[in-house]
Structure formats: structure tokens, C-alpha cells
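Structure data (CSV, C-alpha atoms) from start.csv:
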chain,number,residue,atom,x,y,z
A,1,MET,CA,0.0,0.0,0.0
A,2,LEU,CA,2.7,2.5,1.0
A,3,LYS,CA,4.9,1.6,-1.9
A,4,ASP,CA,2.0,2.2,-4.4
A,5,LYS,CA,1.3,5.7,-2.8
A,6,VAL,CA,5.0,6.6,-2.9
A,7,THR,CA,5.4,5.3,-6.5
A,8,SER,CA,2.5,7.5,-7.6
A,9,LEU,CA,3.9,10.6,-5.8
A,10,LEU,CA,7.4,10.0,-7.0
A,11,ASN,CA,6.3,9.7,-10.6
A,12,LYS,CA,4.3,12.9,-10.3
A,13,ALA,CA,7.3,14.8,-8.8
A,14,LEU,CA,9.6,13.5,-11.5
A,15,GLU,CA,7.2,14.7,-14.2
A,16,GLU,CA,7.4,18.2,-12.6
A,17,HIS,CA,11.2,18.0,-12.7
A,18,PRO,CA,12.0,16.5,-16.2
A,19,SER,CA,15.8,16.8,-15.9
A,20,LEU,CA,15.7,14.4,-13.0
A,21,PHE,CA,15.4,10.6,-13.3
A,22,LEU,CA,15.2,7.6,-11.0
A,23,ILE,CA,18.1,5.3,-10.4
A,24,ASP,CA,16.8,3.3,-7.5
A,25,PHE,CA,13.7,3.1,-5.3
A,26,THR,CA,13.0,0.8,-2.4
A,27,VAL,CA,10.6,0.5,0.5
A,28,GLY,CA,12.0,-1.7,3.3
A,29,GLY,CA,10.0,-3.9,5.6
A,30,ASP,CA,10.4,-1.2,8.3
A,31,ASN,CA,8.8,1.4,5.9
A,32,THR,CA,12.2,3.0,5.1
A,33,ILE,CA,11.8,4.7,1.8
A,34,ARG,CA,15.0,5.1,-0.2
A,35,ILE,CA,15.1,7.0,-3.4
A,36,VAL,CA,18.3,7.6,-5.5
A,37,LEU,CA,18.1,10.2,-8.2
A,38,ASP,CA,20.3,11.5,-11.0
A,39,GLY,CA,19.8,14.4,-13.4
A,40,ASP,CA,20.8,15.5,-16.9
A,41,GLU,CA,22.6,18.5,-15.2
A,42,GLY,CA,23.4,16.6,-12.0
A,43,VAL,CA,21.4,16.7,-8.8
A,44,ASN,CA,21.7,19.4,-6.1
A,45,LEU,CA,20.4,19.6,-2.6
A,46,GLN,CA,17.4,21.6,-3.7
A,47,ASP,CA,16.4,18.8,-6.1
A,48,CYS,CA,16.5,16.2,-3.4
A,49,MET,CA,14.5,18.5,-1.1
A,50,ASN,CA,11.8,19.1,-3.8
A,51,ILE,CA,11.3,15.4,-4.4
A,52,SER,CA,11.4,14.6,-0.6
A,53,ARG,CA,8.7,17.3,0.1
A,54,ALA,CA,6.5,16.2,-2.8
A,55,ILE,CA,6.4,12.8,-1.2
A,56,GLU,CA,6.5,13.5,2.5
A,57,HIS,CA,3.9,16.3,2.4
A,58,ASN,CA,1.4,14.0,0.7
A,59,LEU,CA,1.7,11.0,3.1
A,60,ASP,CA,0.0,10.9,6.5
A,61,ARG,CA,2.2,9.8,9.3
A,62,GLU,CA,-0.9,8.9,11.3
A,63,GLU,CA,-1.7,6.2,8.7
A,64,GLU,CA,1.9,4.9,8.1
A,65,ASP,CA,5.0,5.5,10.1
A,66,PHE,CA,7.9,5.8,7.6
A,67,SER,CA,11.4,7.3,7.1
A,68,LEU,CA,12.3,8.9,3.8
A,69,GLU,CA,15.8,9.2,2.3
A,70,VAL,CA,16.3,11.0,-1.0
A,71,THR,CA,19.8,11.1,-2.3
A,72,SER,CA,21.8,11.6,-5.5
A,73,ALA,CA,23.8,8.9,-7.2
A,74,GLY,CA,27.3,9.3,-5.9
A,75,ALA,CA,30.1,10.5,-8.1
A,76,ALA,CA,31.8,7.1,-7.7
A,77,SER,CA,28.6,5.1,-8.2
A,78,PRO,CA,28.5,2.8,-11.3
A,79,LEU,CA,26.5,4.2,-14.3
A,80,GLN,CA,23.3,2.2,-14.6
A,81,LEU,CA,21.1,3.9,-17.3
A,82,PRO,CA,21.8,5.0,-20.8
A,83,ARG,CA,20.7,8.5,-19.8
A,84,GLN,CA,23.6,8.7,-17.3
A,85,TYR,CA,26.1,8.0,-20.1
A,86,LYS,CA,24.8,10.9,-22.2
A,87,LYS,CA,25.6,13.4,-19.4
A,88,ASN,CA,29.1,12.0,-19.1
A,89,ILE,CA,30.2,12.4,-22.7
A,90,GLY,CA,33.8,13.8,-22.7
A,91,ARG,CA,34.7,12.2,-19.4
A,92,LYS,CA,37.0,9.3,-18.8
A,93,LEU,CA,35.3,6.0,-17.9
A,94,LYS,CA,36.4,2.6,-16.6
A,95,VAL,CA,34.3,0.0,-18.3
A,96,ARG,CA,34.3,-3.7,-17.4
A,97,THR,CA,32.8,-6.2,-19.8
A,98,GLY,CA,32.7,-10.0,-19.5
A,99,GLU,CA,36.2,-10.4,-20.9
A,100,GLU,CA,38.1,-7.1,-20.4
A,101,GLU,CA,38.4,-3.8,-18.6
A,102,LEU,CA,38.8,-0.7,-20.7
A,103,GLU,CA,39.6,2.9,-19.8
A,104,GLY,CA,38.9,5.7,-22.2
A,105,ASN,CA,37.1,8.9,-23.0
A,106,LEU,CA,33.4,8.5,-23.7
A,107,ILE,CA,32.9,10.2,-27.0
A,108,GLN,CA,29.4,9.2,-27.9
A,109,THR,CA,26.3,7.2,-26.9
A,110,SER,CA,23.5,5.7,-28.9
A,111,GLU,CA,20.3,3.8,-28.0
A,112,ASP,CA,22.2,0.6,-27.5
A,113,SER,CA,25.9,1.3,-27.1
A,114,ILE,CA,28.7,3.7,-26.1
A,115,THR,CA,31.9,4.6,-27.9
A,116,LEU,CA,35.2,4.9,-26.0
A,117,GLU,CA,38.4,6.3,-27.3
A,118,TRP,CA,41.9,6.0,-25.8
A,119,LYS,CA,45.6,5.9,-26.6
A,120,ALA,CA,47.6,2.8,-26.4
A,121,ARG,CA,51.3,1.8,-26.8
A,122,GLU,CA,51.8,-1.0,-29.3
A,123,PRO,CA,54.9,-2.6,-30.8
A,124,LYS,CA,56.0,-1.1,-34.1
A,125,SER,CA,55.2,-3.2,-37.2
A,126,VAL,CA,58.8,-3.0,-38.3
A,127,GLY,CA,61.8,-2.7,-35.9
A,128,LYS,CA,62.1,-2.3,-32.2
A,129,GLY,CA,60.1,-0.1,-29.9
A,130,LYS,CA,56.6,1.0,-29.5
A,131,VAL,CA,54.3,3.6,-31.1
A,132,THR,CA,51.3,5.4,-29.6
A,133,VAL,CA,48.1,4.6,-31.5
A,134,GLN,CA,44.6,6.0,-31.1
A,135,LYS,CA,42.0,3.2,-30.3
A,136,LYS,CA,38.2,3.4,-30.6
A,137,ARG,CA,35.6,0.9,-29.6
A,138,ASP,CA,31.9,0.6,-29.6
A,139,ILE,CA,30.6,-1.3,-26.6
A,140,PRO,CA,26.9,-2.5,-26.5
A,141,PHE,CA,25.1,-1.8,-23.2
A,142,SER,CA,24.3,-5.5,-23.0
A,143,GLU,CA,28.0,-6.3,-22.6
A,144,ILE,CA,28.8,-3.7,-19.9
A,145,HIS,CA,29.0,-5.3,-16.5
A,146,GLU,CA,30.1,-2.1,-14.8
A,147,ALA,CA,31.0,1.4,-15.8
A,148,LYS,CA,32.3,4.2,-13.6
A,149,VAL,CA,33.5,7.8,-14.2
A,150,ILE,CA,37.2,8.2,-13.4
A,151,LEU,CA,37.4,11.3,-11.2
A,152,LYS,CA,40.4,13.6,-11.4
A,153,PHE,CA,41.5,15.8,-8.5
Translate the structure of the given file into C-alpha cells.
Amino acid sequence: MLKDKVTSLLNKALEEHPSLFLIDFTVGGDNTIRIVLDGDEGVNLQDCMNISRAIEHNLDREEEDFSLEVTSAGAASPLQLPRQYKKNIGRKLKVRTGEEELEGNLIQTSEDSITLEWKAREPKSVGKGKVTVQKKRDIPFSEIHEAKVILKF
């Protein structure tokens, strides 16, 4: 019952804030409501407060005792939705597929894949030594086990 009410309120609140989207939503056995958001331009404190208020102010604590936690997807959290990849174009990602791990700049996304670009050192075709070459690879979302943005400080 509580989950249905919260789902309805959450969907309505997200419609009012179209740049935000849902990453995760759970209602625990102890009525702990956890909502994780992301946004096309990121998520700030005010965004979390707006969504929290839209839900909390429309639930009756006399009917159901609950706790509500609305957070943003952390900077080090894995990317889960194609929409998250779009906002990270131009950033460096670490992508793990079934057979390999790649690091490269995200240069584009499509409905079903991403394109990474990176530089690699490879042996020269003739003679000794190595040469730096530009690599590029399309990776379907279906092959991505985990992808994270590499943060620079």
C-alpha cells in the first residue's frame, strides 16, 4: 500500500522536474523509503528537497510510520542507465565487460551502445620499440557489467 502511494507521488514529482530521473527506489520492511536520483545536469540539494517534500507532504504519518531518504547517485557510483552515459560524454570511464576492462574517453552514446576512445602503446610493425596509437571501440550496453566515471582531483 505504502509503496504504491510513494510510486505515484514519485512519478508525479519527477514529471514536474523532467531533468531528474530515478536510479533506485526501495521500500524496506520497516517502511524505510530510499530514493536515489540522477539528473541530466546533475542533482543538487534543492532537487532532493523538492522530491522529498513532494512525497512527505502527501503522506499521512498517522496512517503509516515511515522514514524517507532522497539522495543523488554518488560520483563514484556505477552508471546504470543510458541517460547517465549521455551526461558524461567527454569524461573518462572505466568499463568492465565480461572479458576485459577498458579505460577511455566517452565520445558518444546511442540507444544501444557507447563509444570509447583512448591511446595505447603498441609494438612497431617494423623494428624495435613502440608507437602510440589511437584506439576506438563501440561497446553495447548489453556487454557492460560495470562502468564508472574516473574522477580527477
Do you have the atom CA of Glu63 of chain A-atom CA of Phe21 of chain A distance handy? 28.2 Å
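Using all atoms listed in the file for every distance, the candidate list A:Arg34, A:Lys5, A:Arg61, A:Lys94 yields A:Lys94 as the residue closest to Ile144 of chain A.
Proximity of A:Ile150, A:Ala75, A:Leu2, A:Val27 to Val43 of chain A, computed with only C-alpha atoms, is greatest for A:Ala75.
Counting only C-alpha atoms, the residue from A:Lys148, A:Lys92, A:Lys136, A:His57 that sits nearest to Leu79 of chain A is A:Lys148.
Atom pair atom CA of Glu16 of chain A / atom CA of Asp112 of chain A: separated by 27.4 Å.
The space separating atom CA of Ser77 of chain A from atom CA of Asp47 of chain A comes to 18.5 Å.
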If you count all atoms listed in the file, which residues fall within 12 Å of Glu64 of chain A, apart from same-chain ones fewer than 3 positions away, as a list in words? Met1, Leu2, Lys3, Lys5, Val6, Asp30, Asn31, Thr32, Ile33, Glu56, Asn58, Leu59, Asp60, Arg61, Ser67 and Leu68 of chain A
Any idea what's packed within 9 Å of Leu9 of chain A, counting all atoms listed in the file, ignoring anything in its chain fewer than 3 positions away? Could you give it as a count of residues only? 10
Option closest in space to Phe141 of chain A, from A:Glu111, A:Glu100, A:Asp65, A:Glu41 [counting all atoms listed in the file]: A:Glu111
Which of A:Leu151, A:Ala76, A:Leu45, A:Leu81 sits closest to Asp24 of chain A [using only C-alpha atoms]: A:Leu81
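Residue nearest Gln84 of chain A within the list A:Asp138, A:Glu62, A:Asp40, A:Glu15: A:Asp40 [criterion: smallest interatomic distance, all atoms listed in the file].
For Leu106 of chain A, the list of residues within 12 Å, based on all atoms listed in the file and with local chain neighbours fewer than 6 positions off taken out, reads Gln84, Tyr85, Lys86, Lys87, Asn88, Ile89, Gly90, Arg91, Lys92, Leu93, Lys94, Val95, Ser113, Ile114, Thr115, Leu116, Glu117, Trp118, Lys136, Arg137, Asp138, Ile139, Ala147, Lys148, Val149 and Ile150 of chain A.
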Complete the atoms of segment 51-62 of chain A to all heavy atoms and put them out as a short mmCIF file (atom, residue, chain, number, x, y, z; two decimals), in the frame of the given file.
data_model
loop_
_atom_site.label_atom_id
_atom_site.label_comp_id
_atom_site.auth_asym_id
_atom_site.auth_seq_id
_atom_site.Cartn_x
_atom_site.Cartn_y
_atom_site.Cartn_z
N ILE A 51 11.90 16.73 -4.24
CA ILE A 51 11.30 15.40 -4.40
C ILE A 51 10.88 14.87 -3.02
O ILE A 51 9.79 14.30 -2.87
CB ILE A 51 12.31 14.42 -5.05
CG1 ILE A 51 12.70 14.90 -6.46
CG2 ILE A 51 11.75 13.00 -5.09
CD1 ILE A 51 11.56 15.03 -7.45
N SER A 52 11.69 15.09 -2.00
CA SER A 52 11.40 14.60 -0.60
C SER A 52 10.06 15.30 -0.17
O SER A 52 9.17 14.62 0.34
CB SER A 52 12.50 14.99 0.30
OG SER A 52 12.18 14.62 1.62
N ARG A 53 9.95 16.59 -0.37
CA ARG A 53 8.70 17.30 0.10
C ARG A 53 7.50 16.86 -0.70
O ARG A 53 6.42 16.74 -0.13
CB ARG A 53 8.93 18.81 -0.09
CG ARG A 53 9.86 19.39 0.94
CD ARG A 53 10.03 20.87 0.77
NE ARG A 53 10.97 21.37 1.75
CZ ARG A 53 11.82 22.35 1.55
NH1 ARG A 53 11.87 22.96 0.37
NH2 ARG A 53 12.65 22.74 2.49
N ALA A 54 7.66 16.62 -2.00
CA ALA A 54 6.50 16.20 -2.80
C ALA A 54 5.97 14.87 -2.31
O ALA A 54 4.77 14.61 -2.43
CB ALA A 54 6.94 16.06 -4.28
N ILE A 55 6.82 14.05 -1.74
CA ILE A 55 6.40 12.80 -1.20
C ILE A 55 5.92 12.90 0.24
O ILE A 55 4.79 12.54 0.59
CB ILE A 55 7.50 11.70 -1.33
CG1 ILE A 55 7.77 11.43 -2.82
CG2 ILE A 55 7.13 10.43 -0.59
CD1 ILE A 55 9.02 10.66 -3.09
N GLU A 56 6.77 13.45 1.07
CA GLU A 56 6.50 13.50 2.50
C GLU A 56 5.24 14.33 2.83
O GLU A 56 4.45 13.94 3.69
CB GLU A 56 7.70 14.08 3.25
CG GLU A 56 7.57 13.98 4.75
CD GLU A 56 8.89 14.25 5.45
OE1 GLU A 56 9.83 14.74 4.83
OE2 GLU A 56 8.93 13.95 6.65
N HIS A 57 5.03 15.43 2.14
CA HIS A 57 3.90 16.30 2.40
C HIS A 57 2.57 15.69 1.98
O HIS A 57 1.51 16.21 2.31
CB HIS A 57 4.09 17.67 1.82
CG HIS A 57 5.17 18.45 2.49
ND1 HIS A 57 5.53 19.72 2.12
CD2 HIS A 57 6.01 18.15 3.53
CE1 HIS A 57 6.51 20.16 2.87
NE2 HIS A 57 6.82 19.21 3.74
N ASN A 58 2.63 14.61 1.21
CA ASN A 58 1.40 14.00 0.70
C ASN A 58 1.16 12.60 1.36
O ASN A 58 0.28 11.87 0.90
CB ASN A 58 1.44 13.86 -0.80
CG ASN A 58 1.31 15.22 -1.45
OD1 ASN A 58 0.28 15.87 -1.31
ND2 ASN A 58 2.36 15.66 -2.10
N LEU A 59 1.94 12.27 2.37
CA LEU A 59 1.70 11.00 3.10
C LEU A 59 1.33 11.39 4.54
O LEU A 59 1.83 12.35 5.11
CB LEU A 59 3.00 10.17 3.15
CG LEU A 59 3.46 9.56 1.83
CD1 LEU A 59 4.78 8.82 2.04
CD2 LEU A 59 2.42 8.61 1.27
N ASP A 60 0.45 10.61 5.11
CA ASP A 60 0.00 10.90 6.50
C ASP A 60 0.72 9.96 7.44
O ASP A 60 0.59 8.74 7.41
CB ASP A 60 -1.54 10.55 6.51
CG ASP A 60 -2.16 10.92 7.85
OD1 ASP A 60 -1.43 11.42 8.74
OD2 ASP A 60 -3.38 10.72 8.00
N ARG A 61 1.47 10.60 8.32
CA ARG A 61 2.20 9.80 9.30
C ARG A 61 1.32 9.15 10.33
O ARG A 61 1.75 8.23 11.01
CB ARG A 61 3.25 10.72 10.02
CG ARG A 61 4.43 11.06 9.14
CD ARG A 61 5.61 11.51 9.99
NE ARG A 61 6.72 11.90 9.15
CZ ARG A 61 7.69 11.09 8.78
NH1 ARG A 61 7.68 9.85 9.14
NH2 ARG A 61 8.67 11.54 8.01
N GLU A 62 0.09 9.59 10.44
CA GLU A 62 -0.90 8.90 11.30
C GLU A 62 -1.27 7.58 10.75
O GLU A 62 -1.56 6.65 11.49
CB GLU A 62 -2.11 9.81 11.52
CG GLU A 62 -1.84 11.16 12.17
CD GLU A 62 -1.29 11.04 13.59
OE1 GLU A 62 -1.75 10.16 14.34
OE2 GLU A 62 -0.38 11.81 13.94
#
